[in-house]
file input-v1.txt (compact mmCIF, N, CA and C atoms)
# COMPACT_ATOMS: atom_id res chain seq x y z
N GLN A 1 12.17 -26.49 63.37
CA GLN A 1 13.44 -26.87 63.96
C GLN A 1 14.35 -27.56 62.95
N LEU A 2 13.78 -28.29 62.00
CA LEU A 2 14.56 -28.98 60.99
C LEU A 2 14.28 -28.36 59.64
N GLN A 3 15.32 -28.02 58.93
CA GLN A 3 15.18 -27.35 57.65
C GLN A 3 15.94 -28.13 56.60
N ALA A 4 15.22 -28.78 55.69
CA ALA A 4 15.85 -29.51 54.61
C ALA A 4 16.01 -28.61 53.40
N SER A 5 17.11 -28.77 52.70
CA SER A 5 17.36 -27.95 51.51
C SER A 5 18.24 -28.73 50.54
N GLY A 6 18.36 -28.20 49.32
CA GLY A 6 19.25 -28.78 48.34
C GLY A 6 18.57 -29.54 47.23
N GLY A 7 17.27 -29.70 47.31
CA GLY A 7 16.55 -30.41 46.26
C GLY A 7 16.54 -29.63 44.95
N GLY A 8 16.11 -30.30 43.90
CA GLY A 8 16.04 -29.63 42.61
C GLY A 8 15.77 -30.60 41.48
N LEU A 9 15.89 -30.09 40.28
CA LEU A 9 15.68 -30.89 39.07
C LEU A 9 17.05 -31.26 38.49
N VAL A 10 17.29 -32.56 38.37
CA VAL A 10 18.56 -33.04 37.83
C VAL A 10 18.28 -34.10 36.77
N GLN A 11 19.34 -34.50 36.09
CA GLN A 11 19.25 -35.53 35.06
C GLN A 11 19.65 -36.88 35.62
N VAL A 12 19.19 -37.92 34.96
CA VAL A 12 19.62 -39.27 35.35
C VAL A 12 21.15 -39.35 35.32
N GLY A 13 21.71 -39.92 36.37
CA GLY A 13 23.16 -40.04 36.48
C GLY A 13 23.83 -38.90 37.22
N ASP A 14 23.10 -37.83 37.47
CA ASP A 14 23.66 -36.68 38.19
C ASP A 14 23.78 -36.97 39.68
N SER A 15 24.42 -36.04 40.37
CA SER A 15 24.55 -36.09 41.82
C SER A 15 23.85 -34.88 42.43
N LEU A 16 23.49 -35.04 43.69
CA LEU A 16 22.82 -33.96 44.41
C LEU A 16 23.11 -34.15 45.90
N LYS A 17 23.30 -33.04 46.60
CA LYS A 17 23.56 -33.12 48.03
C LYS A 17 22.49 -32.35 48.78
N LEU A 18 21.80 -33.05 49.65
CA LEU A 18 20.78 -32.43 50.49
C LEU A 18 21.37 -32.11 51.85
N ALA A 19 20.84 -31.09 52.48
CA ALA A 19 21.27 -30.70 53.82
C ALA A 19 20.07 -30.59 54.73
N CYS A 20 20.28 -30.94 55.98
CA CYS A 20 19.25 -30.79 57.00
C CYS A 20 19.86 -30.03 58.16
N ALA A 21 19.38 -28.83 58.37
CA ALA A 21 19.90 -27.98 59.43
C ALA A 21 18.97 -27.97 60.62
N VAL A 22 19.55 -28.10 61.79
CA VAL A 22 18.80 -27.99 63.04
C VAL A 22 18.88 -26.53 63.47
N SER A 23 17.77 -25.86 63.42
CA SER A 23 17.80 -24.42 63.62
C SER A 23 18.03 -24.02 65.07
N GLU A 24 17.61 -24.84 66.01
CA GLU A 24 17.75 -24.51 67.41
C GLU A 24 18.96 -25.25 67.98
N ARG A 25 20.01 -24.52 68.28
CA ARG A 25 21.27 -25.15 68.69
C ARG A 25 21.21 -25.78 70.08
N THR A 26 20.19 -25.47 70.84
CA THR A 26 20.11 -26.07 72.17
C THR A 26 19.49 -27.46 72.14
N PHE A 27 18.95 -27.83 70.98
CA PHE A 27 18.35 -29.15 70.85
C PHE A 27 19.41 -30.19 70.50
N THR A 28 19.29 -31.35 71.12
CA THR A 28 20.12 -32.50 70.73
C THR A 28 19.20 -33.69 70.53
N TYR A 29 19.64 -34.60 69.70
CA TYR A 29 18.85 -35.78 69.39
C TYR A 29 19.75 -37.01 69.43
N ASN A 30 19.15 -38.18 69.40
CA ASN A 30 19.94 -39.41 69.33
C ASN A 30 20.28 -39.77 67.90
N ALA A 31 19.40 -39.44 66.98
CA ALA A 31 19.66 -39.81 65.59
C ALA A 31 18.94 -38.86 64.64
N MET A 32 19.51 -38.72 63.45
CA MET A 32 18.91 -37.92 62.40
C MET A 32 18.72 -38.83 61.19
N GLY A 33 17.54 -38.82 60.63
CA GLY A 33 17.27 -39.71 59.51
C GLY A 33 16.79 -38.99 58.27
N TRP A 34 16.89 -39.68 57.16
CA TRP A 34 16.35 -39.20 55.89
C TRP A 34 15.32 -40.20 55.38
N PHE A 35 14.21 -39.69 54.92
CA PHE A 35 13.16 -40.49 54.30
C PHE A 35 12.79 -39.83 52.97
N ARG A 36 12.08 -40.56 52.17
CA ARG A 36 11.56 -39.96 50.94
C ARG A 36 10.17 -40.51 50.67
N GLN A 37 9.41 -39.73 49.94
CA GLN A 37 8.06 -40.15 49.60
C GLN A 37 7.73 -39.71 48.18
N ALA A 38 7.49 -40.70 47.34
CA ALA A 38 7.07 -40.46 45.97
C ALA A 38 5.55 -40.40 45.92
N PRO A 39 5.00 -39.75 44.91
CA PRO A 39 3.53 -39.64 44.80
C PRO A 39 2.86 -41.01 44.82
N GLY A 40 1.88 -41.16 45.67
CA GLY A 40 1.13 -42.41 45.75
C GLY A 40 1.82 -43.53 46.48
N LYS A 41 2.97 -43.25 47.06
CA LYS A 41 3.73 -44.29 47.77
C LYS A 41 3.91 -43.92 49.23
N GLU A 42 4.24 -44.93 50.02
CA GLU A 42 4.49 -44.69 51.43
C GLU A 42 5.86 -44.05 51.63
N ARG A 43 6.00 -43.42 52.78
CA ARG A 43 7.28 -42.83 53.10
C ARG A 43 8.32 -43.94 53.29
N GLU A 44 9.47 -43.75 52.64
CA GLU A 44 10.50 -44.78 52.57
C GLU A 44 11.76 -44.34 53.30
N PHE A 45 12.30 -45.23 54.10
CA PHE A 45 13.54 -44.95 54.82
C PHE A 45 14.72 -44.90 53.84
N VAL A 46 15.56 -43.88 54.03
CA VAL A 46 16.75 -43.73 53.19
C VAL A 46 18.03 -43.98 53.99
N GLY A 47 18.17 -43.33 55.11
CA GLY A 47 19.38 -43.50 55.91
C GLY A 47 19.27 -42.79 57.23
N VAL A 48 20.24 -43.09 58.11
CA VAL A 48 20.23 -42.50 59.45
C VAL A 48 21.67 -42.32 59.91
N ILE A 49 21.87 -41.32 60.75
CA ILE A 49 23.17 -41.08 61.33
C ILE A 49 22.97 -40.70 62.79
N SER A 50 23.86 -41.18 63.64
CA SER A 50 23.76 -40.84 65.04
C SER A 50 24.13 -39.38 65.24
N TRP A 51 23.70 -38.81 66.36
CA TRP A 51 23.95 -37.39 66.61
C TRP A 51 25.45 -37.08 66.63
N SER A 52 26.25 -38.02 67.10
CA SER A 52 27.70 -37.81 67.13
C SER A 52 28.33 -37.96 65.75
N GLY A 53 27.61 -38.61 64.85
CA GLY A 53 28.14 -38.87 63.52
C GLY A 53 28.94 -40.16 63.42
N ALA A 54 29.08 -40.86 64.56
CA ALA A 54 29.94 -42.05 64.57
C ALA A 54 29.28 -43.26 63.93
N ARG A 55 27.98 -43.32 63.98
CA ARG A 55 27.27 -44.47 63.42
C ARG A 55 26.32 -43.98 62.32
N ARG A 56 26.30 -44.75 61.26
CA ARG A 56 25.41 -44.38 60.16
C ARG A 56 24.99 -45.64 59.41
N TYR A 57 23.87 -45.51 58.75
CA TYR A 57 23.31 -46.66 58.01
C TYR A 57 22.49 -46.14 56.85
N ILE A 58 22.73 -46.75 55.68
CA ILE A 58 21.97 -46.43 54.48
C ILE A 58 21.14 -47.65 54.10
N ALA A 59 19.90 -47.41 53.73
CA ALA A 59 19.02 -48.51 53.32
C ALA A 59 19.61 -49.26 52.13
N ASN A 60 19.38 -50.54 52.08
CA ASN A 60 19.99 -51.38 51.05
C ASN A 60 19.77 -50.89 49.61
N PRO A 61 18.57 -50.45 49.25
CA PRO A 61 18.38 -50.02 47.85
C PRO A 61 19.25 -48.84 47.45
N MET A 62 19.73 -48.08 48.41
CA MET A 62 20.52 -46.88 48.13
C MET A 62 22.01 -47.06 48.39
N LYS A 63 22.38 -48.19 48.95
CA LYS A 63 23.80 -48.40 49.26
C LYS A 63 24.64 -48.36 48.00
N GLY A 64 25.77 -47.71 48.14
CA GLY A 64 26.66 -47.57 47.00
C GLY A 64 26.40 -46.31 46.19
N ARG A 65 25.23 -45.71 46.37
CA ARG A 65 24.90 -44.47 45.65
C ARG A 65 24.69 -43.29 46.61
N PHE A 66 24.17 -43.56 47.78
CA PHE A 66 23.88 -42.51 48.75
C PHE A 66 24.81 -42.63 49.95
N THR A 67 25.23 -41.51 50.48
CA THR A 67 25.98 -41.49 51.73
C THR A 67 25.41 -40.41 52.64
N ILE A 68 25.51 -40.65 53.93
CA ILE A 68 25.00 -39.71 54.92
C ILE A 68 26.17 -39.25 55.78
N SER A 69 26.19 -37.97 56.10
CA SER A 69 27.30 -37.42 56.87
C SER A 69 26.82 -36.27 57.73
N GLY A 70 27.75 -35.71 58.50
CA GLY A 70 27.41 -34.61 59.39
C GLY A 70 27.30 -35.06 60.82
N ASN A 71 26.96 -34.16 61.69
CA ASN A 71 26.75 -34.51 63.09
C ASN A 71 26.08 -33.35 63.82
N GLY A 72 25.70 -33.64 65.06
CA GLY A 72 24.99 -32.63 65.83
C GLY A 72 25.81 -31.42 66.18
N ALA A 73 27.10 -31.63 66.36
CA ALA A 73 27.96 -30.50 66.72
C ALA A 73 27.94 -29.43 65.63
N LYS A 74 27.78 -29.88 64.40
CA LYS A 74 27.69 -28.96 63.27
C LYS A 74 26.26 -28.54 63.00
N ASN A 75 25.33 -29.15 63.71
CA ASN A 75 23.91 -28.86 63.54
C ASN A 75 23.41 -29.11 62.12
N THR A 76 24.11 -29.90 61.36
CA THR A 76 23.70 -30.18 60.00
C THR A 76 24.08 -31.61 59.63
N VAL A 77 23.17 -32.30 58.98
CA VAL A 77 23.48 -33.59 58.38
C VAL A 77 23.21 -33.49 56.90
N TYR A 78 23.91 -34.33 56.14
CA TYR A 78 23.85 -34.26 54.69
C TYR A 78 23.47 -35.62 54.11
N LEU A 79 22.86 -35.56 52.96
CA LEU A 79 22.59 -36.78 52.19
C LEU A 79 23.17 -36.53 50.80
N GLN A 80 24.27 -37.21 50.53
CA GLN A 80 24.91 -37.11 49.22
C GLN A 80 24.36 -38.21 48.34
N MET A 81 23.78 -37.83 47.21
CA MET A 81 23.18 -38.80 46.30
C MET A 81 23.91 -38.74 44.97
N SER A 82 24.28 -39.88 44.47
CA SER A 82 24.95 -39.94 43.17
C SER A 82 24.29 -40.99 42.29
N SER A 83 24.65 -40.98 41.02
CA SER A 83 24.07 -41.91 40.04
C SER A 83 22.55 -41.95 40.16
N LEU A 84 21.97 -40.78 40.20
CA LEU A 84 20.53 -40.69 40.44
C LEU A 84 19.74 -41.33 39.31
N LYS A 85 18.63 -41.95 39.70
CA LYS A 85 17.73 -42.61 38.77
C LYS A 85 16.37 -41.90 38.82
N SER A 86 15.56 -42.14 37.83
CA SER A 86 14.23 -41.54 37.82
C SER A 86 13.41 -42.02 39.02
N ASP A 87 13.68 -43.24 39.49
CA ASP A 87 12.97 -43.77 40.66
C ASP A 87 13.32 -43.04 41.95
N ASP A 88 14.37 -42.24 41.92
CA ASP A 88 14.74 -41.48 43.10
C ASP A 88 13.90 -40.20 43.24
N THR A 89 13.08 -39.93 42.27
CA THR A 89 12.22 -38.75 42.33
C THR A 89 11.24 -38.87 43.49
N ALA A 90 11.27 -37.88 44.37
CA ALA A 90 10.44 -37.91 45.58
C ALA A 90 10.65 -36.62 46.35
N VAL A 91 9.82 -36.45 47.36
CA VAL A 91 10.08 -35.42 48.36
C VAL A 91 10.93 -36.07 49.44
N TYR A 92 12.04 -35.44 49.74
CA TYR A 92 12.97 -35.97 50.74
C TYR A 92 12.79 -35.21 52.05
N TYR A 93 12.65 -35.97 53.13
CA TYR A 93 12.43 -35.40 54.44
C TYR A 93 13.57 -35.77 55.38
N CYS A 94 13.96 -34.82 56.21
CA CYS A 94 14.85 -35.17 57.30
C CYS A 94 14.03 -35.21 58.58
N ALA A 95 14.49 -36.01 59.50
CA ALA A 95 13.76 -36.21 60.74
C ALA A 95 14.75 -36.43 61.88
N ALA A 96 14.28 -36.19 63.09
CA ALA A 96 15.12 -36.35 64.27
C ALA A 96 14.42 -37.22 65.29
N SER A 97 15.23 -38.01 65.98
CA SER A 97 14.69 -38.94 66.96
C SER A 97 15.38 -38.79 68.30
N ASN A 98 14.57 -38.84 69.35
CA ASN A 98 15.10 -38.92 70.70
C ASN A 98 14.93 -40.31 71.30
N ARG A 99 14.47 -41.24 70.50
CA ARG A 99 14.33 -42.60 70.98
C ARG A 99 15.72 -43.19 71.20
N ASP A 100 15.78 -44.10 72.15
CA ASP A 100 17.06 -44.67 72.53
C ASP A 100 17.11 -46.14 72.12
N TYR A 101 17.54 -46.38 70.89
CA TYR A 101 17.65 -47.74 70.38
C TYR A 101 19.11 -48.19 70.45
N SER A 102 19.29 -49.49 70.61
CA SER A 102 20.65 -50.00 70.75
C SER A 102 21.41 -49.96 69.44
N GLY A 103 20.72 -50.18 68.34
CA GLY A 103 21.39 -50.22 67.05
C GLY A 103 20.95 -49.10 66.13
N ILE A 104 21.88 -48.55 65.38
CA ILE A 104 21.54 -47.48 64.46
C ILE A 104 20.56 -47.98 63.41
N TYR A 105 20.58 -49.29 63.16
CA TYR A 105 19.68 -49.88 62.15
C TYR A 105 18.23 -49.84 62.61
N ASP A 106 18.01 -49.64 63.89
CA ASP A 106 16.65 -49.67 64.43
C ASP A 106 15.85 -48.41 64.11
N TYR A 107 16.54 -47.36 63.67
CA TYR A 107 15.85 -46.10 63.35
C TYR A 107 15.42 -46.09 61.89
N ASN A 108 14.57 -47.02 61.49
CA ASN A 108 14.25 -47.16 60.08
C ASN A 108 12.79 -47.00 59.73
N ARG A 109 11.99 -46.53 60.66
CA ARG A 109 10.56 -46.33 60.41
C ARG A 109 10.18 -44.89 60.74
N PRO A 110 9.19 -44.37 60.04
CA PRO A 110 8.76 -43.00 60.35
C PRO A 110 8.34 -42.84 61.81
N VAL A 111 7.76 -43.88 62.41
CA VAL A 111 7.29 -43.76 63.79
C VAL A 111 8.44 -43.68 64.78
N ASP A 112 9.65 -43.95 64.33
CA ASP A 112 10.81 -43.86 65.22
C ASP A 112 11.27 -42.42 65.41
N TYR A 113 10.67 -41.49 64.68
CA TYR A 113 11.11 -40.09 64.69
C TYR A 113 9.98 -39.18 65.17
N GLU A 114 10.34 -38.25 66.05
CA GLU A 114 9.35 -37.33 66.60
C GLU A 114 9.29 -36.00 65.87
N TYR A 115 10.37 -35.63 65.20
CA TYR A 115 10.45 -34.31 64.59
C TYR A 115 10.76 -34.44 63.11
N TRP A 116 10.09 -33.60 62.32
CA TRP A 116 10.22 -33.69 60.87
C TRP A 116 10.43 -32.31 60.27
N GLY A 117 11.25 -32.26 59.23
CA GLY A 117 11.38 -31.06 58.43
C GLY A 117 10.29 -31.00 57.38
N GLN A 118 10.31 -29.94 56.61
CA GLN A 118 9.22 -29.70 55.66
C GLN A 118 9.38 -30.45 54.35
N GLY A 119 10.54 -31.02 54.08
CA GLY A 119 10.74 -31.76 52.83
C GLY A 119 11.31 -30.90 51.72
N THR A 120 12.08 -31.54 50.86
CA THR A 120 12.63 -30.86 49.69
C THR A 120 12.46 -31.77 48.48
N GLN A 121 11.98 -31.21 47.39
CA GLN A 121 11.64 -32.00 46.20
C GLN A 121 12.90 -32.31 45.40
N VAL A 122 13.04 -33.58 45.06
CA VAL A 122 14.09 -34.02 44.14
C VAL A 122 13.41 -34.65 42.94
N THR A 123 13.70 -34.11 41.77
CA THR A 123 13.13 -34.63 40.54
C THR A 123 14.27 -35.03 39.61
N VAL A 124 14.26 -36.29 39.22
CA VAL A 124 15.30 -36.82 38.34
C VAL A 124 14.67 -37.06 36.99
N SER A 125 15.13 -36.32 36.01
CA SER A 125 14.55 -36.38 34.68
C SER A 125 15.41 -37.22 33.75
N SER A 126 14.72 -38.02 32.93
CA SER A 126 15.44 -38.82 31.94
C SER A 126 15.42 -38.12 30.59
call {"tool": "encode", "arguments": {"input": "input-v1.txt", "output": "structure tokens"}}
result
Amino acid sequence: QLQASGGGLVQVGDSLKLACAVSERTFTYNAMGWFRQAPGKEREFVGVISWSGARRYIANPMKGRFTISGNGAKNTVYLQMSSLKSDDTAVYYCAASNRDYSGIYDYNRPVDYEYWGQGTQVTVSS
């Protein structure tokens, strides 16, 4: 149902835009999130956007470099990454949640999401 794409091999300082497409147009969710997981590390929250696109939140370590956009009506959400660092190297996952939290900031854990895409590899080379 969720298809992440756009990953690749880039250089330090480059930009990259990931996309997450919801393949089944009859599905709606409350929020769409991005996570990443580097080898040997736990899955890390990157950002989240509400299904309407009106509310969004980027994790503090990525603020100023990453932005999240899109909405359910377009069936696609995006993660724009700029000024990439070698530490950004990871598999990036998009996820969808039907949980009903009051704040967009509350969708910040993997357990908050029921549906996951397959992941797309981002490698930042120095």
call {"tool": "closest_residue", "arguments": {"input": "input-v1.txt", "among": "A:Pro110, A:Gly72, A:Gly8, A:Gly117", "to": "A:Phe27", "atoms": "all atoms listed in the file"}}
result
A:Gly72
call {"tool": "residues_around", "arguments": {"input": "input-v1.txt", "residues": "A:Arg43", "least_positions_apart": "5", "cutoff": "8 Å", "atoms": "all atoms listed in the file", "output": "number ranges by chain"}}
result
A: 35-38, 109-110
call {"tool": "residues_around", "arguments": {"input": "input-v1.txt", "residues": "stretch 20-24 of chain A", "least_positions_apart": "6", "cutoff": "10 Å", "atoms": "only C-alpha atoms", "output": "list of chain:residue names"}}
result
A:Gln1, A:Leu2, A:Gln3, A:Ala4, A:Ser5, A:Gly6, A:Met32, A:Gly33, A:Trp34, A:Gly70, A:Gly72, A:Lys74, A:Asn75, A:Thr76, A:Val77, A:Tyr78, A:Leu79, A:Tyr93, A:Cys94, A:Ala95, A:Ala96, A:Gly117, A:Gly119, A:Thr120
call {"tool": "closest_residue", "arguments": {"input": "input-v1.txt", "among": "A:Val124, A:Ala31, A:Ala59, A:Gly53", "to": "A:Asp100", "atoms": "all atoms listed in the file"}}
result
A:Ala31
call {"tool": "select_by_dssp", "arguments": {"input": "input-v1.txt", "residues": "chain A", "states": "strand (DSSP E)", "output": "CSV table (one decimal) with N, CA and C atoms, in the coordinates of the input"}}
result
chain,number,residue,atom,x,y,z
A,2,LEU,N,13.8,-28.3,62.0
A,2,LEU,CA,14.6,-29.0,61.0
A,2,LEU,C,14.3,-28.4,59.6
A,3,GLN,N,15.3,-28.0,58.9
A,3,GLN,CA,15.2,-27.4,57.6
A,3,GLN,C,15.9,-28.1,56.6
A,4,ALA,N,15.2,-28.8,55.7
A,4,ALA,CA,15.8,-29.5,54.6
A,4,ALA,C,16.0,-28.6,53.4
A,5,SER,N,17.1,-28.8,52.7
A,5,SER,CA,17.4,-28.0,51.5
A,5,SER,C,18.2,-28.7,50.5
A,8,GLY,N,16.1,-30.3,43.9
A,8,GLY,CA,16.0,-29.6,42.6
A,8,GLY,C,15.8,-30.6,41.5
A,9,LEU,N,15.9,-30.1,40.3
A,9,LEU,CA,15.7,-30.9,39.1
A,9,LEU,C,17.0,-31.3,38.5
A,10,VAL,N,17.3,-32.6,38.4
A,10,VAL,CA,18.6,-33.0,37.8
A,10,VAL,C,18.3,-34.1,36.8
A,11,GLN,N,19.3,-34.5,36.1
A,11,GLN,CA,19.2,-35.5,35.1
A,11,GLN,C,19.6,-36.9,35.6
A,16,LEU,N,23.5,-35.0,43.7
A,16,LEU,CA,22.8,-34.0,44.4
A,16,LEU,C,23.1,-34.2,45.9
A,17,LYS,N,23.3,-33.0,46.6
A,17,LYS,CA,23.6,-33.1,48.0
A,17,LYS,C,22.5,-32.4,48.8
A,18,LEU,N,21.8,-33.0,49.6
A,18,LEU,CA,20.8,-32.4,50.5
A,18,LEU,C,21.4,-32.1,51.8
A,19,ALA,N,20.8,-31.1,52.5
A,19,ALA,CA,21.3,-30.7,53.8
A,19,ALA,C,20.1,-30.6,54.7
A,20,CYS,N,20.3,-30.9,56.0
A,20,CYS,CA,19.2,-30.8,57.0
A,20,CYS,C,19.9,-30.0,58.2
A,21,ALA,N,19.4,-28.8,58.4
A,21,ALA,CA,19.9,-28.0,59.4
A,21,ALA,C,19.0,-28.0,60.6
A,22,VAL,N,19.6,-28.1,61.8
A,22,VAL,CA,18.8,-28.0,63.0
A,22,VAL,C,18.9,-26.5,63.5
A,31,ALA,N,19.4,-39.4,67.0
A,31,ALA,CA,19.7,-39.8,65.6
A,31,ALA,C,18.9,-38.9,64.6
A,32,MET,N,19.5,-38.7,63.4
A,32,MET,CA,18.9,-37.9,62.4
A,32,MET,C,18.7,-38.8,61.2
A,33,GLY,N,17.5,-38.8,60.6
A,33,GLY,CA,17.3,-39.7,59.5
A,33,GLY,C,16.8,-39.0,58.3
A,34,TRP,N,16.9,-39.7,57.2
A,34,TRP,CA,16.4,-39.2,55.9
A,34,TRP,C,15.3,-40.2,55.4
A,35,PHE,N,14.2,-39.7,54.9
A,35,PHE,CA,13.2,-40.5,54.3
A,35,PHE,C,12.8,-39.8,53.0
A,36,ARG,N,12.1,-40.6,52.2
A,36,ARG,CA,11.6,-40.0,50.9
A,36,ARG,C,10.2,-40.5,50.7
A,37,GLN,N,9.4,-39.7,49.9
A,37,GLN,CA,8.1,-40.2,49.6
A,37,GLN,C,7.7,-39.7,48.2
A,44,GLU,N,9.5,-43.8,52.6
A,44,GLU,CA,10.5,-44.8,52.6
A,44,GLU,C,11.8,-44.3,53.3
A,45,PHE,N,12.3,-45.2,54.1
A,45,PHE,CA,13.5,-45.0,54.8
A,45,PHE,C,14.7,-44.9,53.8
A,46,VAL,N,15.6,-43.9,54.0
A,46,VAL,CA,16.8,-43.7,53.2
A,46,VAL,C,18.0,-44.0,54.0
A,47,GLY,N,18.2,-43.3,55.1
A,47,GLY,CA,19.4,-43.5,55.9
A,47,GLY,C,19.3,-42.8,57.2
A,48,VAL,N,20.2,-43.1,58.1
A,48,VAL,CA,20.2,-42.5,59.4
A,48,VAL,C,21.7,-42.3,59.9
A,49,ILE,N,21.9,-41.3,60.8
A,49,ILE,CA,23.2,-41.1,61.3
A,49,ILE,C,23.0,-40.7,62.8
A,50,SER,N,23.9,-41.2,63.6
A,50,SER,CA,23.8,-40.8,65.0
A,50,SER,C,24.1,-39.4,65.2
A,56,ARG,N,26.3,-44.8,61.3
A,56,ARG,CA,25.4,-44.4,60.2
A,56,ARG,C,25.0,-45.6,59.4
A,57,TYR,N,23.9,-45.5,58.8
A,57,TYR,CA,23.3,-46.7,58.0
A,57,TYR,C,22.5,-46.1,56.8
A,58,ILE,N,22.7,-46.8,55.7
A,58,ILE,CA,22.0,-46.4,54.5
A,58,ILE,C,21.1,-47.6,54.1
A,66,PHE,N,24.2,-43.6,47.8
A,66,PHE,CA,23.9,-42.5,48.8
A,66,PHE,C,24.8,-42.6,50.0
A,67,THR,N,25.2,-41.5,50.5
A,67,THR,CA,26.0,-41.5,51.7
A,67,THR,C,25.4,-40.4,52.6
A,68,ILE,N,25.5,-40.6,53.9
A,68,ILE,CA,25.0,-39.7,54.9
A,68,ILE,C,26.2,-39.2,55.8
A,69,SER,N,26.2,-38.0,56.1
A,69,SER,CA,27.3,-37.4,56.9
A,69,SER,C,26.8,-36.3,57.7
A,70,GLY,N,27.8,-35.7,58.5
A,70,GLY,CA,27.4,-34.6,59.4
A,70,GLY,C,27.3,-35.1,60.8
A,71,ASN,N,27.0,-34.2,61.7
A,71,ASN,CA,26.8,-34.5,63.1
A,71,ASN,C,26.1,-33.4,63.8
A,76,THR,N,24.1,-29.9,61.4
A,76,THR,CA,23.7,-30.2,60.0
A,76,THR,C,24.1,-31.6,59.6
A,77,VAL,N,23.2,-32.3,59.0
A,77,VAL,CA,23.5,-33.6,58.4
A,77,VAL,C,23.2,-33.5,56.9
A,78,TYR,N,23.9,-34.3,56.1
A,78,TYR,CA,23.8,-34.3,54.7
A,78,TYR,C,23.5,-35.6,54.1
A,79,LEU,N,22.9,-35.6,53.0
A,79,LEU,CA,22.6,-36.8,52.2
A,79,LEU,C,23.2,-36.5,50.8
A,80,GLN,N,24.3,-37.2,50.5
A,80,GLN,CA,24.9,-37.1,49.2
A,80,GLN,C,24.4,-38.2,48.3
A,81,MET,N,23.8,-37.8,47.2
A,81,MET,CA,23.2,-38.8,46.3
A,81,MET,C,23.9,-38.7,45.0
A,90,ALA,N,11.3,-37.9,44.4
A,90,ALA,CA,10.4,-37.9,45.6
A,90,ALA,C,10.6,-36.6,46.4
A,91,VAL,N,9.8,-36.4,47.4
A,91,VAL,CA,10.1,-35.4,48.4
A,91,VAL,C,10.9,-36.1,49.4
A,92,TYR,N,12.0,-35.4,49.7
A,92,TYR,CA,13.0,-36.0,50.7
A,92,TYR,C,12.8,-35.2,52.0
A,93,TYR,N,12.6,-36.0,53.1
A,93,TYR,CA,12.4,-35.4,54.4
A,93,TYR,C,13.6,-35.8,55.4
A,94,CYS,N,14.0,-34.8,56.2
A,94,CYS,CA,14.8,-35.2,57.3
A,94,CYS,C,14.0,-35.2,58.6
A,95,ALA,N,14.5,-36.0,59.5
A,95,ALA,CA,13.8,-36.2,60.7
A,95,ALA,C,14.8,-36.4,61.9
A,96,ALA,N,14.3,-36.2,63.1
A,96,ALA,CA,15.1,-36.4,64.3
A,96,ALA,C,14.4,-37.2,65.3
A,97,SER,N,15.2,-38.0,66.0
A,97,SER,CA,14.7,-38.9,67.0
A,97,SER,C,15.4,-38.8,68.3
A,115,TYR,N,10.4,-35.6,65.2
A,115,TYR,CA,10.4,-34.3,64.6
A,115,TYR,C,10.8,-34.4,63.1
A,116,TRP,N,10.1,-33.6,62.3
A,116,TRP,CA,10.2,-33.7,60.9
A,116,TRP,C,10.4,-32.3,60.3
A,120,THR,N,12.1,-31.5,50.9
A,120,THR,CA,12.6,-30.9,49.7
A,120,THR,C,12.5,-31.8,48.5
A,121,GLN,N,12.0,-31.2,47.4
A,121,GLN,CA,11.6,-32.0,46.2
A,121,GLN,C,12.9,-32.3,45.4
A,122,VAL,N,13.0,-33.6,45.1
A,122,VAL,CA,14.1,-34.0,44.1
A,122,VAL,C,13.4,-34.6,42.9
A,123,THR,N,13.7,-34.1,41.8
A,123,THR,CA,13.1,-34.6,40.5
A,123,THR,C,14.3,-35.0,39.6
A,124,VAL,N,14.3,-36.3,39.2
A,124,VAL,CA,15.3,-36.8,38.3
A,124,VAL,C,14.7,-37.1,37.0
A,125,SER,N,15.1,-36.3,36.0
A,125,SER,CA,14.6,-36.4,34.7
A,125,SER,C,15.4,-37.2,33.8
call {"tool": "atom_distance", "arguments": {"input": "input-v1.txt", "atom1": "atom CA of A:Ile104", "atom2": "atom CA of A:Lys17"}}
result
21.9 Å
call {"tool": "closest_residue", "arguments": {"input": "input-v1.txt", "among": "A:Ala73, A:Asn30, A:Lys63, A:Asp87", "to": "A:Val46", "atoms": "all atoms listed in the file"}}
result
A:Lys63
call {"tool": "select_by_dssp", "arguments": {"input": "input-v1.txt", "residues": "chain A", "states": "helix (DSSP H, G or I)", "output": "list in words"}}
result
Asn60, Pro61, Met62, Gly72, Ala73, Lys74, Ser86, Asp87, Asp88, Ile104, Tyr105, Asp106, Pro110, Val111 and Asp112 of chain A
call {"tool": "atom_distance", "arguments": {"input": "input-v1.txt", "atom1": "atom CA of A:Asn71", "atom2": "atom CA of A:Gln11"}}
result
29.0 Å
call {"tool": "residues_around", "arguments": {"input": "input-v1.txt", "residues": "A:Leu16", "least_positions_apart": "3", "cutoff": "6 Å", "atoms": "all atoms listed in the file", "output": "PyMOL selection string"}}
result
chain A and resi 79-82
call {"tool": "closest_residue", "arguments": {"input": "input-v1.txt", "among": "A:Asn108, A:Ser97, A:Glu114, A:Gly103", "to": "A:Phe45", "atoms": "only N, CA and C atoms"}}
result
A:Asn108
call {"tool": "atom_distance", "arguments": {"input": "input-v1.txt", "atom1": "atom CA of A:Asn98", "atom2": "atom C of A:Ile58"}}
result
19.7 Å
call {"tool": "closest_residue", "arguments": {"input": "input-v1.txt", "among": "A:Arg55, A:Pro61, A:Thr28, A:Leu84", "to": "A:Ser102", "atoms": "only C-alpha atoms"}}
result
A:Arg55
call {"tool": "residues_around", "arguments": {"input": "input-v1.txt", "residues": "A:Leu9", "least_positions_apart": "4", "cutoff": "6.5 Å", "atoms": "all atoms listed in the file", "output": "mmCIF file with N, CA and C atoms, in the frame of the given file"}}
result
data_model
loop_
_atom_site.group_PDB
_atom_site.id
_atom_site.type_symbol
_atom_site.label_atom_id
_atom_site.label_comp_id
_atom_site.auth_asym_id
_atom_site.auth_seq_id
_atom_site.Cartn_x
_atom_site.Cartn_y
_atom_site.Cartn_z
ATOM 1 N N GLN A 121 11.980 -31.210 47.390
ATOM 2 C CA GLN A 121 11.640 -32.000 46.200
ATOM 3 C C GLN A 121 12.900 -32.310 45.400
ATOM 4 N N VAL A 122 13.040 -33.580 45.060
ATOM 5 C CA VAL A 122 14.090 -34.020 44.140
ATOM 6 C C VAL A 122 13.410 -34.650 42.940
ATOM 7 N N THR A 123 13.700 -34.110 41.770
ATOM 8 C CA THR A 123 13.130 -34.630 40.540
ATOM 9 C C THR A 123 14.270 -35.030 39.610
ATOM 10 N N VAL A 124 14.260 -36.290 39.220
ATOM 11 C CA VAL A 124 15.300 -36.820 38.340
ATOM 12 C C VAL A 124 14.670 -37.060 36.990
ATOM 13 N N SER A 125 15.130 -36.320 36.010
ATOM 14 C CA SER A 125 14.550 -36.380 34.680
ATOM 15 C C SER A 125 15.410 -37.220 33.750
#
